[in-house]
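K.L.:
Structure supplied as my_file07.txt; contents: compact mmCIF, C-alpha atoms and all ligand atoms.
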# COMPACT_ATOMS: atom_id res chain seq x y z
CA MET N 1 43.67 -9.03 -11.07
CA THR N 2 41.53 -7.14 -13.63
CA LYS N 3 37.86 -8.11 -13.38
CA THR N 4 35.74 -8.66 -16.49
CA PHE N 5 32.16 -7.49 -16.66
CA THR N 6 29.67 -6.10 -19.19
CA ILE N 7 29.96 -2.51 -20.33
CA PRO N 8 27.12 -1.89 -22.80
CA GLN N 9 27.86 -0.03 -26.05
CA SER N 10 25.29 1.93 -28.02
CA VAL N 11 26.85 2.61 -31.44
CA LEU N 12 28.27 -0.15 -33.67
CA TRP N 13 29.61 0.42 -37.21
CA LYS N 14 28.59 -2.36 -39.62
CA ASP N 15 30.13 -1.05 -42.91
CA THR N 16 26.81 -0.49 -44.70
CA TYR N 17 24.76 0.67 -41.72
CA ILE N 18 24.96 1.81 -38.11
CA SER N 19 23.66 -0.60 -35.50
CA LEU N 20 22.23 1.56 -32.74
CA LEU N 21 20.95 0.63 -29.30
CA ASP N 22 17.48 2.20 -29.16
CA GLN N 23 17.74 4.08 -25.86
CA GLN N 24 14.06 4.98 -25.95
CA LYS N 25 13.22 1.31 -25.43
CA LEU N 26 15.47 0.84 -22.40
CA PRO N 27 15.33 -0.60 -19.82
CA LEU N 28 12.47 -2.88 -20.86
CA GLU N 29 13.85 -3.89 -24.26
CA THR N 30 17.43 -4.11 -25.49
CA THR N 31 16.88 -3.51 -29.20
CA TYR N 32 19.46 -2.56 -31.82
CA ILE N 33 18.05 -0.73 -34.84
CA GLU N 34 19.67 -0.21 -38.25
CA LEU N 35 20.37 3.32 -39.49
CA ARG N 36 20.96 3.36 -43.25
CA THR N 37 20.27 6.92 -44.37
CA LEU N 38 20.95 10.48 -43.30
CA GLU N 39 17.27 10.83 -42.39
CA ASP N 40 17.45 7.71 -40.16
CA VAL N 41 20.37 9.28 -38.32
CA TRP N 42 18.69 12.68 -37.97
CA ASP N 43 15.53 11.03 -36.63
CA ALA N 44 17.47 8.84 -34.15
CA ILE N 45 19.17 11.93 -32.72
CA VAL N 46 16.02 14.09 -32.53
CA THR N 47 13.91 11.35 -30.95
CA LEU N 48 16.66 10.48 -28.43
CA LYS N 49 17.17 6.92 -29.64
CA VAL N 50 20.78 8.00 -29.36
CA ARG N 51 21.60 10.72 -26.86
CA GLY N 52 24.51 11.90 -24.77
CA ALA N 53 26.93 14.39 -26.30
CA PRO N 54 29.78 12.09 -27.48
CA ALA N 55 27.41 9.35 -28.74
CA ILE N 56 25.49 11.93 -30.79
CA GLY N 57 28.77 13.11 -32.34
CA ILE N 58 29.92 9.56 -33.15
CA THR N 59 26.56 8.60 -34.69
CA ALA N 60 26.44 11.78 -36.77
CA ALA N 61 29.99 11.16 -38.02
CA TYR N 62 29.07 7.66 -39.16
CA GLY N 63 25.83 9.04 -40.64
CA LEU N 64 27.73 11.55 -42.75
CA ALA N 65 30.20 8.89 -43.93
CA LEU N 66 27.31 6.59 -44.78
CA ALA N 67 25.42 9.28 -46.72
CA ALA N 68 28.57 10.34 -48.60
CA SER N 69 29.31 6.74 -49.57
CA GLN N 70 26.06 6.84 -51.57
CA TYR N 71 26.73 10.12 -53.45
CA GLU N 72 27.01 9.72 -57.21
CA HIS N 73 29.15 12.78 -58.01
CA GLU N 74 32.23 12.35 -60.13
CA ASP N 75 33.98 15.58 -59.27
CA VAL N 76 35.33 16.46 -55.84
CA SER N 77 33.91 19.97 -55.69
CA SER N 78 30.25 18.96 -56.13
CA PHE N 79 30.89 16.08 -53.69
CA LEU N 80 32.08 18.63 -51.11
CA VAL N 81 29.09 20.92 -51.68
CA HIS N 82 26.74 17.98 -51.09
CA LEU N 83 28.72 16.95 -47.99
CA GLN N 84 28.48 20.45 -46.54
CA LYS N 85 24.70 20.48 -47.06
CA ASP N 86 24.29 17.11 -45.31
CA LYS N 87 26.59 18.22 -42.52
CA GLU N 88 24.41 21.27 -41.86
CA TYR N 89 21.27 19.13 -41.89
CA LEU N 90 22.65 16.82 -39.17
CA ALA N 91 24.18 19.69 -37.20
CA ASN N 92 20.71 21.19 -36.76
CA SER N 93 19.25 18.06 -35.15
CA ARG N 94 20.07 19.12 -31.57
CA PRO N 95 21.55 22.50 -30.62
CA THR N 96 23.19 22.23 -27.18
CA ALA N 97 25.81 19.44 -27.24
CA VAL N 98 28.81 20.82 -29.12
CA ASN N 99 30.24 17.35 -29.78
CA LEU N 100 27.82 17.12 -32.70
CA ALA N 101 29.30 20.13 -34.52
CA TRP N 102 32.80 19.13 -33.38
CA ALA N 103 32.52 15.67 -34.98
CA LEU N 104 30.85 16.92 -38.16
CA ASN N 105 33.43 19.69 -38.66
CA ARG N 106 36.18 17.16 -38.16
CA MET N 107 34.62 14.93 -40.82
CA VAL N 108 34.33 17.72 -43.38
CA ASN N 109 37.86 18.99 -42.64
CA SER N 110 39.27 15.49 -43.18
CA VAL N 111 38.42 15.61 -46.89
CA GLN N 112 39.36 19.18 -47.79
CA ASN N 113 42.48 18.10 -49.65
CA VAL N 114 41.43 14.81 -51.25
CA SER N 115 42.08 14.24 -54.94
CA SER N 116 39.17 11.98 -55.85
CA VAL N 117 35.62 11.17 -54.83
CA ASN N 118 36.60 7.60 -53.97
CA ALA N 119 39.43 8.80 -51.75
CA ALA N 120 36.98 11.16 -50.01
CA LYS N 121 34.52 8.34 -49.33
CA THR N 122 37.24 6.13 -47.83
CA THR N 123 38.67 8.98 -45.78
CA LEU N 124 35.26 9.80 -44.29
CA ILE N 125 34.74 6.22 -43.18
CA HIS N 126 38.21 6.09 -41.62
CA GLU N 127 37.67 9.42 -39.88
CA SER N 128 34.38 8.31 -38.31
CA ILE N 129 35.94 5.06 -37.08
CA GLN N 130 38.81 7.12 -35.68
CA ILE N 131 36.45 9.52 -33.84
CA HIS N 132 34.70 6.49 -32.33
CA ALA N 133 37.93 4.74 -31.27
CA GLU N 134 39.45 7.91 -29.82
CA ASP N 135 36.36 8.55 -27.70
CA GLU N 136 36.75 5.17 -26.02
CA GLU N 137 40.39 5.96 -25.15
CA VAL N 138 39.47 9.43 -23.97
CA CYS N 139 36.68 8.14 -21.73
CA ARG N 140 38.98 5.58 -20.17
CA GLN N 141 41.47 8.32 -19.38
CA ILE N 142 38.70 10.48 -17.87
CA GLY N 143 37.77 7.47 -15.74
CA GLU N 144 41.32 7.11 -14.47
CA ASN N 145 41.64 10.80 -13.71
CA GLY N 146 38.22 10.88 -12.05
CA LEU N 147 38.87 7.81 -9.93
CA SER N 148 41.86 9.56 -8.34
CA LEU N 149 39.36 11.93 -6.68
CA PHE N 150 37.38 9.19 -4.92
CA LYS N 151 38.20 6.77 -2.12
CA ASP N 152 37.09 3.20 -1.62
CA GLY N 153 33.61 3.17 -0.10
CA ASP N 154 32.54 6.66 -1.27
CA SER N 155 28.90 7.33 -2.14
CA ILE N 156 28.54 9.61 -5.16
CA LEU N 157 25.51 11.25 -6.73
CA THR N 158 25.01 11.70 -10.47
CA ILE N 159 22.28 12.91 -12.81
CA CYS N 160 21.15 11.96 -16.31
CA ASN N 161 23.25 9.39 -18.13
CA ALA N 162 26.85 10.28 -18.88
CA GLY N 163 27.74 6.63 -19.15
CA SER N 164 28.96 4.08 -21.62
CA ILE N 165 25.86 4.32 -23.80
CA ALA N 166 26.25 8.11 -24.03
CA THR N 167 29.78 7.69 -25.44
CA ALA N 168 31.87 5.10 -27.31
CA ARG N 169 32.43 3.18 -24.06
CA TYR N 170 32.94 3.83 -20.31
CA GLY N 171 31.20 7.21 -20.34
CA THR N 172 32.46 10.39 -18.73
CA ALA N 173 30.81 10.86 -15.32
CA LEU N 174 30.30 7.08 -15.02
CA ALA N 175 33.78 6.11 -16.23
CA PRO N 176 35.37 6.26 -12.74
CA PHE N 177 32.84 3.67 -11.56
CA TYR N 178 33.82 1.21 -14.31
CA LEU N 179 37.50 1.78 -13.57
CA ALA N 180 36.84 1.27 -9.84
CA LYS N 181 35.05 -1.97 -10.63
CA GLU N 182 38.04 -3.13 -12.72
CA GLN N 183 40.35 -2.38 -9.84
CA GLY N 184 38.16 -4.07 -7.25
CA LYS N 185 37.26 -0.80 -5.48
CA GLU N 186 33.78 -0.25 -4.09
CA LEU N 187 31.98 2.97 -4.99
CA LYS N 188 28.28 3.47 -4.41
CA VAL N 189 26.35 5.43 -7.03
CA TYR N 190 23.11 7.35 -6.39
CA ALA N 191 21.32 8.04 -9.68
CA SER N 192 18.86 10.90 -9.84
CA GLU N 193 15.88 9.89 -12.02
CA THR N 194 16.25 12.99 -14.29
CA ARG N 195 12.78 14.22 -15.15
CA PRO N 196 11.31 14.59 -17.68
CA VAL N 197 13.04 12.00 -19.93
CA PHE N 198 14.28 9.80 -17.06
CA GLN N 199 17.78 9.11 -18.36
CA GLY N 200 18.85 8.45 -14.74
CA ALA N 201 16.05 6.02 -13.96
CA ARG N 202 15.97 4.26 -17.32
CA LEU N 203 19.57 4.33 -18.51
CA THR N 204 22.11 4.96 -15.74
CA THR N 205 20.62 2.35 -13.44
CA TRP N 206 20.34 -0.12 -16.34
CA GLU N 207 23.90 0.21 -17.57
CA LEU N 208 25.47 0.17 -14.09
CA MET N 209 23.42 -2.88 -13.15
CA GLN N 210 24.69 -4.66 -16.31
CA ALA N 211 28.19 -4.18 -14.93
CA GLY N 212 27.27 -5.18 -11.37
CA ILE N 213 27.99 -1.69 -10.00
CA ASP N 214 26.18 -0.68 -6.82
CA VAL N 215 23.52 1.84 -7.91
CA THR N 216 20.53 3.28 -6.06
CA LEU N 217 17.77 5.21 -7.81
CA ILE N 218 16.25 8.34 -6.26
CA THR N 219 13.82 10.90 -7.63
CA ASP N 220 15.20 14.36 -8.39
CA SER N 221 13.35 15.85 -5.41
CA MET N 222 15.19 13.51 -3.02
CA ALA N 223 18.66 14.90 -3.73
CA ALA N 224 19.11 17.15 -0.68
CA HIS N 225 17.71 14.56 1.73
CA THR N 226 19.89 11.85 0.18
CA ILE N 227 23.07 13.94 0.39
CA LYS N 228 22.30 14.59 4.05
CA THR N 229 21.25 11.12 5.14
CA LYS N 230 23.36 8.86 2.92
CA GLY N 231 26.69 10.61 3.35
CA ILE N 232 27.14 11.56 -0.29
CA SER N 233 30.77 12.68 -0.57
CA ALA N 234 30.69 14.20 -4.08
CA ILE N 235 28.51 14.89 -7.10
CA ILE N 236 29.76 14.04 -10.59
CA VAL N 237 28.01 14.99 -13.85
CA GLY N 238 28.69 15.00 -17.58
CA ALA N 239 28.54 17.99 -19.91
CA ASP N 240 27.10 19.02 -23.25
CA ARG N 241 29.09 22.20 -23.74
CA ILE N 242 31.74 23.94 -21.65
CA THR N 243 32.60 27.53 -22.52
CA ALA N 244 35.97 29.29 -22.30
CA ASN N 245 35.35 30.27 -18.65
CA GLY N 246 34.25 26.79 -17.50
CA ASP N 247 30.50 27.45 -17.43
CA THR N 248 28.88 24.09 -18.18
CA ALA N 249 25.66 23.14 -19.94
CA ASN N 250 24.35 19.74 -18.92
CA LYS N 251 21.02 18.01 -18.39
CA ILE N 252 18.32 20.09 -16.74
CA GLY N 253 18.63 19.70 -12.96
CA THR N 254 22.43 19.77 -12.95
CA TYR N 255 22.49 23.39 -11.78
CA ASN N 256 20.21 22.45 -8.82
CA LEU N 257 22.73 19.79 -7.78
CA ALA N 258 25.64 22.24 -8.03
CA ILE N 259 23.82 24.59 -5.65
CA LEU N 260 23.18 21.67 -3.28
CA ALA N 261 26.86 20.67 -3.41
CA LYS N 262 27.79 24.19 -2.31
CA ALA N 263 25.16 24.15 0.47
CA PHE N 264 26.48 20.82 1.78
CA ASN N 265 30.13 21.74 1.16
CA ILE N 266 30.87 18.69 -0.99
CA PRO N 267 32.78 18.76 -4.32
CA PHE N 268 30.90 19.17 -7.58
CA TYR N 269 32.77 17.58 -10.50
CA VAL N 270 32.14 17.84 -14.24
CA ALA N 271 33.61 15.02 -16.35
CA ALA N 272 34.00 15.75 -20.07
CA PRO N 273 36.28 15.22 -23.05
CA LEU N 274 37.95 18.17 -24.78
CA SER N 275 35.46 17.65 -27.65
CA THR N 276 32.78 19.03 -25.30
CA PHE N 277 34.60 22.35 -24.83
CA ASP N 278 33.58 25.32 -26.94
CA PRO N 279 36.32 27.91 -26.45
CA THR N 280 34.62 30.13 -29.08
CA LEU N 281 32.01 31.05 -26.48
CA ASP N 282 33.12 33.27 -23.58
CA SER N 283 30.46 32.21 -21.10
CA GLY N 284 27.43 30.02 -20.56
CA HIS N 285 25.04 32.87 -21.47
CA GLU N 286 25.88 32.20 -25.11
CA ILE N 287 25.04 28.47 -25.09
CA PRO N 288 21.87 27.64 -27.06
CA ILE N 289 19.53 25.72 -24.77
CA GLU N 290 17.29 23.20 -26.47
CA GLU N 291 13.59 23.39 -25.60
CA ARG N 292 11.69 20.21 -26.28
CA ASP N 293 8.07 19.21 -26.84
CA SER N 294 5.77 20.08 -23.94
CA LYS N 295 4.45 16.51 -24.04
CA GLU N 296 7.66 15.43 -22.31
CA ILE N 297 6.42 17.17 -19.15
CA THR N 298 2.64 16.93 -19.51
CA HIS N 299 2.79 13.17 -20.08
CA VAL N 300 4.61 10.32 -18.36
CA ALA N 301 5.01 7.12 -20.38
CA GLY N 302 2.20 8.28 -22.67
CA ILE N 303 -0.22 9.08 -19.83
CA GLN N 304 -1.37 12.68 -19.45
CA ILE N 305 -0.61 14.06 -15.98
CA ALA N 306 -1.31 17.79 -16.48
CA PRO N 307 -4.44 19.67 -17.59
CA THR N 308 -4.95 19.93 -21.35
CA GLY N 309 -3.75 23.32 -22.57
CA VAL N 310 -1.53 24.10 -19.56
CA SER N 311 1.36 26.48 -20.31
CA THR N 312 4.72 24.73 -20.20
CA PHE N 313 8.43 25.45 -20.23
CA ASN N 314 10.64 22.47 -21.08
CA PRO N 315 14.35 23.33 -21.35
CA ALA N 316 16.41 20.16 -21.81
CA PHE N 317 19.59 21.64 -20.32
CA ASP N 318 20.74 24.23 -17.81
CA VAL N 319 24.03 26.04 -17.32
CA THR N 320 26.05 25.66 -14.14
CA PRO N 321 28.23 28.73 -13.55
CA ASN N 322 31.93 28.00 -13.15
CA GLU N 323 32.04 29.25 -9.55
CA LEU N 324 29.94 26.25 -8.48
CA ILE N 325 32.28 23.73 -10.15
CA THR N 326 35.08 22.27 -8.05
CA ALA N 327 36.94 20.72 -10.98
CA ILE N 328 36.51 19.58 -14.58
CA ILE N 329 37.87 16.10 -15.24
CA THR N 330 39.21 15.71 -18.79
CA GLU N 331 41.41 13.20 -20.61
CA LYS N 332 44.26 15.69 -20.33
CA GLY N 333 43.97 16.04 -16.56
CA ILE N 334 41.86 17.73 -13.90
CA ILE N 335 41.17 21.42 -14.38
CA ALA N 336 40.61 23.51 -11.25
CA GLY N 337 41.24 27.03 -9.99
CA ASN N 338 41.18 29.70 -12.69
CA PHE N 339 39.15 27.87 -15.34
CA THR N 340 39.63 30.51 -18.02
CA LYS N 341 43.39 30.35 -17.68
CA GLU N 342 43.54 26.56 -17.41
CA ILE N 343 41.21 25.98 -20.38
CA GLN N 344 43.22 28.43 -22.46
CA LYS N 345 46.40 26.54 -21.56
CA ILE N 346 44.92 23.23 -22.78
CA PHE N 347 43.63 24.68 -26.06
CA ASN N 348 46.82 26.56 -26.84
O1 LIG D 401 19.32 15.00 -23.58
P1 LIG D 401 20.45 14.05 -23.42
O2 LIG D 401 20.06 12.74 -22.83
O3 LIG D 401 21.26 13.91 -24.69
O4 LIG D 401 21.42 14.76 -22.36
C1 LIG D 401 22.61 14.13 -22.02
C2 LIG D 401 23.40 14.82 -20.98
O5 LIG D 401 23.05 15.87 -20.50
C3 LIG D 401 24.72 14.19 -20.62
O6 LIG D 401 25.04 14.44 -19.29
C4 LIG D 401 25.83 14.76 -21.50
O7 LIG D 401 25.48 14.71 -22.85
C5 LIG D 401 27.12 14.05 -21.31
S1 LIG D 401 27.10 12.39 -21.94
C6 LIG D 401 28.66 11.76 -21.67
Represent the structure contained in this file as structure tokens.
Ligand code: MRU
P.N.:
Amino acid sequence: MTKTFTIPQSVLWKDTYISLLDQQKLPLETTYIELRTLEDVWDAIVTLKVRGAPAIGITAAYGLALAASQYEHEDVSSFLVHLQKDKEYLANSRPTAVNLAWALNRMVNSVQNVSSVNAAKTTLIHESIQIHAEDEEVCRQIGENGLSLFKDGDSILTICNAGSIATARYGTALAPFYLAKEQGKELKVYASETRPVFQGARLTTWELMQAGIDVTLITDSMAAHTIKTKGISAIIVGADRITANGDTANKIGTYNLAILAKAFNIPFYVAAPLSTFDPTLDSGHEIPIEERDSKEITHVAGIQIAPTGVSTFNPAFDVTPNELITAIITEKGIIAGNFTKEIQKIFN
């Protein structure tokens, strides 16, 4: 029998605004804020009120539809010029996750052949709802494909939050755990805290606990010891951008875990939708890596922990080279072996 349980969702479309779970307030407060303008959406993305590659794309798509619904142009060509400008503004909010550009391009492409401004406005709203709905389906499929790699009772390590609140629903790396729960299978999740923004500690633990999934929090520095002493059988992570050869950008610290997986001879899985692939880039060297405010590492919860004026380096993502990845779990199946060839096959 299918079990019912709570799977939190972060982005809700309300026709005249976006209702967004403020992920900066979690886990202490579950607050939904209202985004009504393009600037609200840009700010929510930059300040990580919404984060996670697919959720950023979905929110930006709704944001563009919302902004366009307020344009006062009467002719289609000036409408499209305005739309392009707003698209570029949102696309610059965060550079690494390609889902943002993917969703925005899809939105703009959807109205290239419209005959009136009103038709364009309606099409944009439909397209954003479609992007949202498809992501839920895609994540569920990733969950099913991913679950086939695990057995009842496995203990699995993850980093950051590639869960339901980072997507439309279910998540990518966390989707197999929701599917396991539905099917009455027991999987144990170890969540790495994910310094400096603590998506693992604040978000992954919170959302899995909402669903009654067995989750244990560790600090990032405990990964090797935990793999060794807790019998971790695999590591699964999400992705922000996967290049044509399978190199994968994901939250800073992911690369460390991939090296540990190799050292302990356990599989290292990346779970991601096709919207996270960027086949225009040959390798991970070309992925732009976001660097964020030094305050994220000199302060913890607003309290200064490093000397004033210390030099800092705060990359938000790293790139795991394809040779450290056992398989990439997508909605279209599990990619392994020659990543370049397999990725090409999917995109052709
Ligand atoms: O900086 P964030 O929190 O947006 O980083 C998120 C991640 O790195 C996720 O693992 C990735 O976006 C996949 S979310 C399904």
K.L.:
Near N:Ile329, within 9 Å and counting only C-alpha atoms, which residues show up once chain neighbours fewer than 3 positions away are dropped, as a PyMOL selection string?
P.N.:
chain N and resi 142-143+145-146+172-173+269-273+332-336
K.L.:
One decimal, Å: what's the distance from atom O3 of ligand LIG 401 (chain D) over to atom CA of N:Leu260, could you say?
P.N.:
22.9 Å
K.L.:
Please, what distance in Å, to one decimal, runs between atom CA of N:Glu331 and atom CA of N:Glu137?
P.N.:
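We find that atom CA of N:Glu331 and atom CA of N:Glu137 lie 8.6 Å from each other.
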K.L.:
Excluding N:Ile165 and residues on its chain fewer than 2 positions from it, collect all residues at most 6 Å away from it, counting all atoms listed in the file, and give them as number ranges by chain.
P.N.:
N: 9-10, 163, 167
K.L.:
When distances are computed from only C-alpha atoms and all ligand atoms, which of N:Glu182, N:Glu136, N:Glu323, N:Asp282 shows the smallest separation from ligand LIG 401 (chain D)?
P.N.:
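The answer is N:Glu136, which sits nearest to ligand LIG 401 (chain D).
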K.L.:
Residues within 8 Å of stretch 201-213 of chain N, please, as a list in words. Count all atoms listed in the file; anything in the same chain fewer than 2 positions from it doesn't count.
P.N.:
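Within the cut-off, the hits are Phe5, Thr6, Ile7, Pro8, Gln23, Leu26, Pro27, Cys160, Asn161, Ala162, Gly163, Ser164, Ile165, Phe177, Tyr178, Lys181, Leu187, Lys188, Val189, Ala191, Ser192, Glu193, Thr194, Phe198, Gln199, Val215, Thr216 and Leu217 of chain N.
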K.L.:
Using only C-alpha atoms, which of N:Pro279, N:Pro176, N:Gly52, N:Gly171 sits nearest N:Lys341?
P.N.:
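Answer, going by the shortest atom-to-atom distance: N:Pro279.
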K.L.:
Give the answer as one residue: which of N:Ile266, N:Ala133, N:Leu12, N:Cys139 has the shortest atom-to-atom distance to ligand LIG 401 (chain D), using all atoms listed in the file?
P.N.:
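Comparing N:Ile266, N:Ala133, N:Leu12, N:Cys139 against ligand LIG 401 (chain D), the winner is N:Cys139.
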K.L.:
Restricting the calculation to only C-alpha atoms: of N:Thr47, N:Val98, N:Ser116, N:Arg292, which residue gets closest to N:Ser78?
P.N.:
N:Ser116
K.L.:
Measuring between all atoms listed in the file, which one of N:Pro315, N:Gly200, N:Gly231, N:Gly238 shows the shortest distance to N:Asp293?
P.N.:
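For N:Asp293, the nearest of the given residues is N:Pro315.
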K.L.:
For a quick check of your reading of the model, name the residues lying within 12 Å of the coordinate (16.9, 14.1, -35.6), counting all atoms listed in the file, and write them as a PyMOL selection string.
P.N.:
chain N and resi 35+37-51+56+59-60+63+89-95+100
K.L.:
Quote the spacing between atom CA of N:Glu34 and atom C4 of ligand LIG 401 (chain D) in Å to one decimal place.
P.N.:
23.3 Å
K.L.:
Please provide as an MDAnalysis selection string all residues within 10 Å of N:Asn338, with the sequence filter that same-chain residues fewer than 4 positions apart are discarded (counting all atoms listed in the file).
P.N.:
chainID N and resid 245:246 322:323 342:343
K.L.:
For N:Ser311, which of N:Ile297, N:Leu80, N:Ile259, N:Val138 is the closest residue, counting all atoms listed in the file?
P.N.:
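Between N:Ile297, N:Leu80, N:Ile259, N:Val138, the residue approaching N:Ser311 most closely is N:Ile297.
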K.L.:
Using 8 Å of padding on each side, determine the axis-aligned box around all atoms of ligand LIG 401 (chain D) present in the file and give its centre and edge lengths in Å to one decimal, as AutoDock Vina command-line options.
P.N.:
--center_x 24.0 --center_y 13.8 --center_z -22.0 --size_x 25.3 --size_y 20.1 --size_z 21.4
K.L.:
Tell me which protein, DNA and RNA residues are within 12 Å of stretch 121-127 of chain N, counting only C-alpha atoms, leaving out same-chain ones fewer than 3 positions away, and put them as a VMD selection string.
P.N.:
chain N and resid 13 to 18 58 60 to 74 76 79 to 80 83 103 to 118 130 to 134
K.L.:
Fix up stretch 125-132 of chain N with all heavy atoms, then write it as an mmCIF file, keeping the file's coordinate frame.
P.N.:
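The result, stored in selection30.cif:
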data_model
loop_
_atom_site.group_PDB
_atom_site.id
_atom_site.type_symbol
_atom_site.label_atom_id
_atom_site.label_comp_id
_atom_site.auth_asym_id
_atom_site.auth_seq_id
_atom_site.Cartn_x
_atom_site.Cartn_y
_atom_site.Cartn_z
ATOM 1 N N ILE N 125 35.004 7.416 -43.991
ATOM 2 C CA ILE N 125 34.740 6.220 -43.180
ATOM 3 C C ILE N 125 35.854 6.045 -42.136
ATOM 4 O O ILE N 125 35.576 5.833 -40.949
ATOM 5 C CB ILE N 125 34.568 4.974 -44.073
ATOM 6 C CG1 ILE N 125 33.208 5.100 -44.784
ATOM 7 C CG2 ILE N 125 34.615 3.678 -43.261
ATOM 8 C CD1 ILE N 125 32.950 4.112 -45.861
ATOM 9 N N HIS N 126 37.090 6.215 -42.572
ATOM 10 C CA HIS N 126 38.210 6.090 -41.620
ATOM 11 C C HIS N 126 38.108 7.128 -40.509
ATOM 12 O O HIS N 126 38.342 6.829 -39.338
ATOM 13 C CB HIS N 126 39.554 6.231 -42.335
ATOM 14 C CG HIS N 126 39.902 5.023 -43.140
ATOM 15 N ND1 HIS N 126 40.830 5.022 -44.144
ATOM 16 C CD2 HIS N 126 39.424 3.754 -43.094
ATOM 17 C CE1 HIS N 126 40.915 3.815 -44.689
ATOM 18 N NE2 HIS N 126 40.064 3.026 -44.067
ATOM 19 N N GLU N 127 37.745 8.344 -40.884
ATOM 20 C CA GLU N 127 37.670 9.420 -39.880
ATOM 21 C C GLU N 127 36.589 9.116 -38.835
ATOM 22 O O GLU N 127 36.801 9.334 -37.644
ATOM 23 C CB GLU N 127 37.402 10.759 -40.583
ATOM 24 C CG GLU N 127 37.583 11.984 -39.703
ATOM 25 C CD GLU N 127 39.032 12.250 -39.280
ATOM 26 O OE1 GLU N 127 39.955 11.608 -39.826
ATOM 27 O OE2 GLU N 127 39.228 13.079 -38.375
ATOM 28 N N SER N 128 35.445 8.592 -39.284
ATOM 29 C CA SER N 128 34.380 8.310 -38.310
ATOM 30 C C SER N 128 34.785 7.166 -37.382
ATOM 31 O O SER N 128 34.533 7.218 -36.170
ATOM 32 C CB SER N 128 33.045 8.016 -39.018
ATOM 33 O OG SER N 128 33.212 7.002 -39.981
ATOM 34 N N ILE N 129 35.468 6.168 -37.929
ATOM 35 C CA ILE N 129 35.940 5.060 -37.080
ATOM 36 C C ILE N 129 36.970 5.593 -36.075
ATOM 37 O O ILE N 129 36.980 5.220 -34.895
ATOM 38 C CB ILE N 129 36.542 3.927 -37.956
ATOM 39 C CG1 ILE N 129 35.419 3.267 -38.774
ATOM 40 C CG2 ILE N 129 37.272 2.888 -37.101
ATOM 41 C CD1 ILE N 129 35.893 2.276 -39.833
ATOM 42 N N GLN N 130 37.796 6.512 -36.534
ATOM 43 C CA GLN N 130 38.810 7.120 -35.680
ATOM 44 C C GLN N 130 38.178 7.931 -34.533
ATOM 45 O O GLN N 130 38.581 7.831 -33.373
ATOM 46 C CB GLN N 130 39.691 8.016 -36.566
ATOM 47 C CG GLN N 130 40.909 8.598 -35.908
ATOM 48 C CD GLN N 130 41.897 7.522 -35.481
ATOM 49 O OE1 GLN N 130 41.917 6.430 -36.039
ATOM 50 N NE2 GLN N 130 42.680 7.824 -34.457
ATOM 51 N N ILE N 131 37.154 8.715 -34.864
ATOM 52 C CA ILE N 131 36.450 9.520 -33.840
ATOM 53 C C ILE N 131 35.873 8.574 -32.779
ATOM 54 O O ILE N 131 35.974 8.825 -31.583
ATOM 55 C CB ILE N 131 35.330 10.365 -34.518
ATOM 56 C CG1 ILE N 131 35.964 11.515 -35.305
ATOM 57 C CG2 ILE N 131 34.322 10.883 -33.498
ATOM 58 C CD1 ILE N 131 34.985 12.308 -36.180
ATOM 59 N N HIS N 132 35.306 7.479 -33.232
ATOM 60 C CA HIS N 132 34.700 6.490 -32.330
ATOM 61 C C HIS N 132 35.781 5.870 -31.414
ATOM 62 O O HIS N 132 35.634 5.814 -30.191
ATOM 63 C CB HIS N 132 34.029 5.417 -33.183
ATOM 64 C CG HIS N 132 33.095 4.524 -32.432
ATOM 65 N ND1 HIS N 132 32.342 3.569 -33.057
ATOM 66 C CD2 HIS N 132 32.794 4.410 -31.117
ATOM 67 C CE1 HIS N 132 31.601 2.930 -32.171
ATOM 68 N NE2 HIS N 132 31.871 3.419 -30.973
#
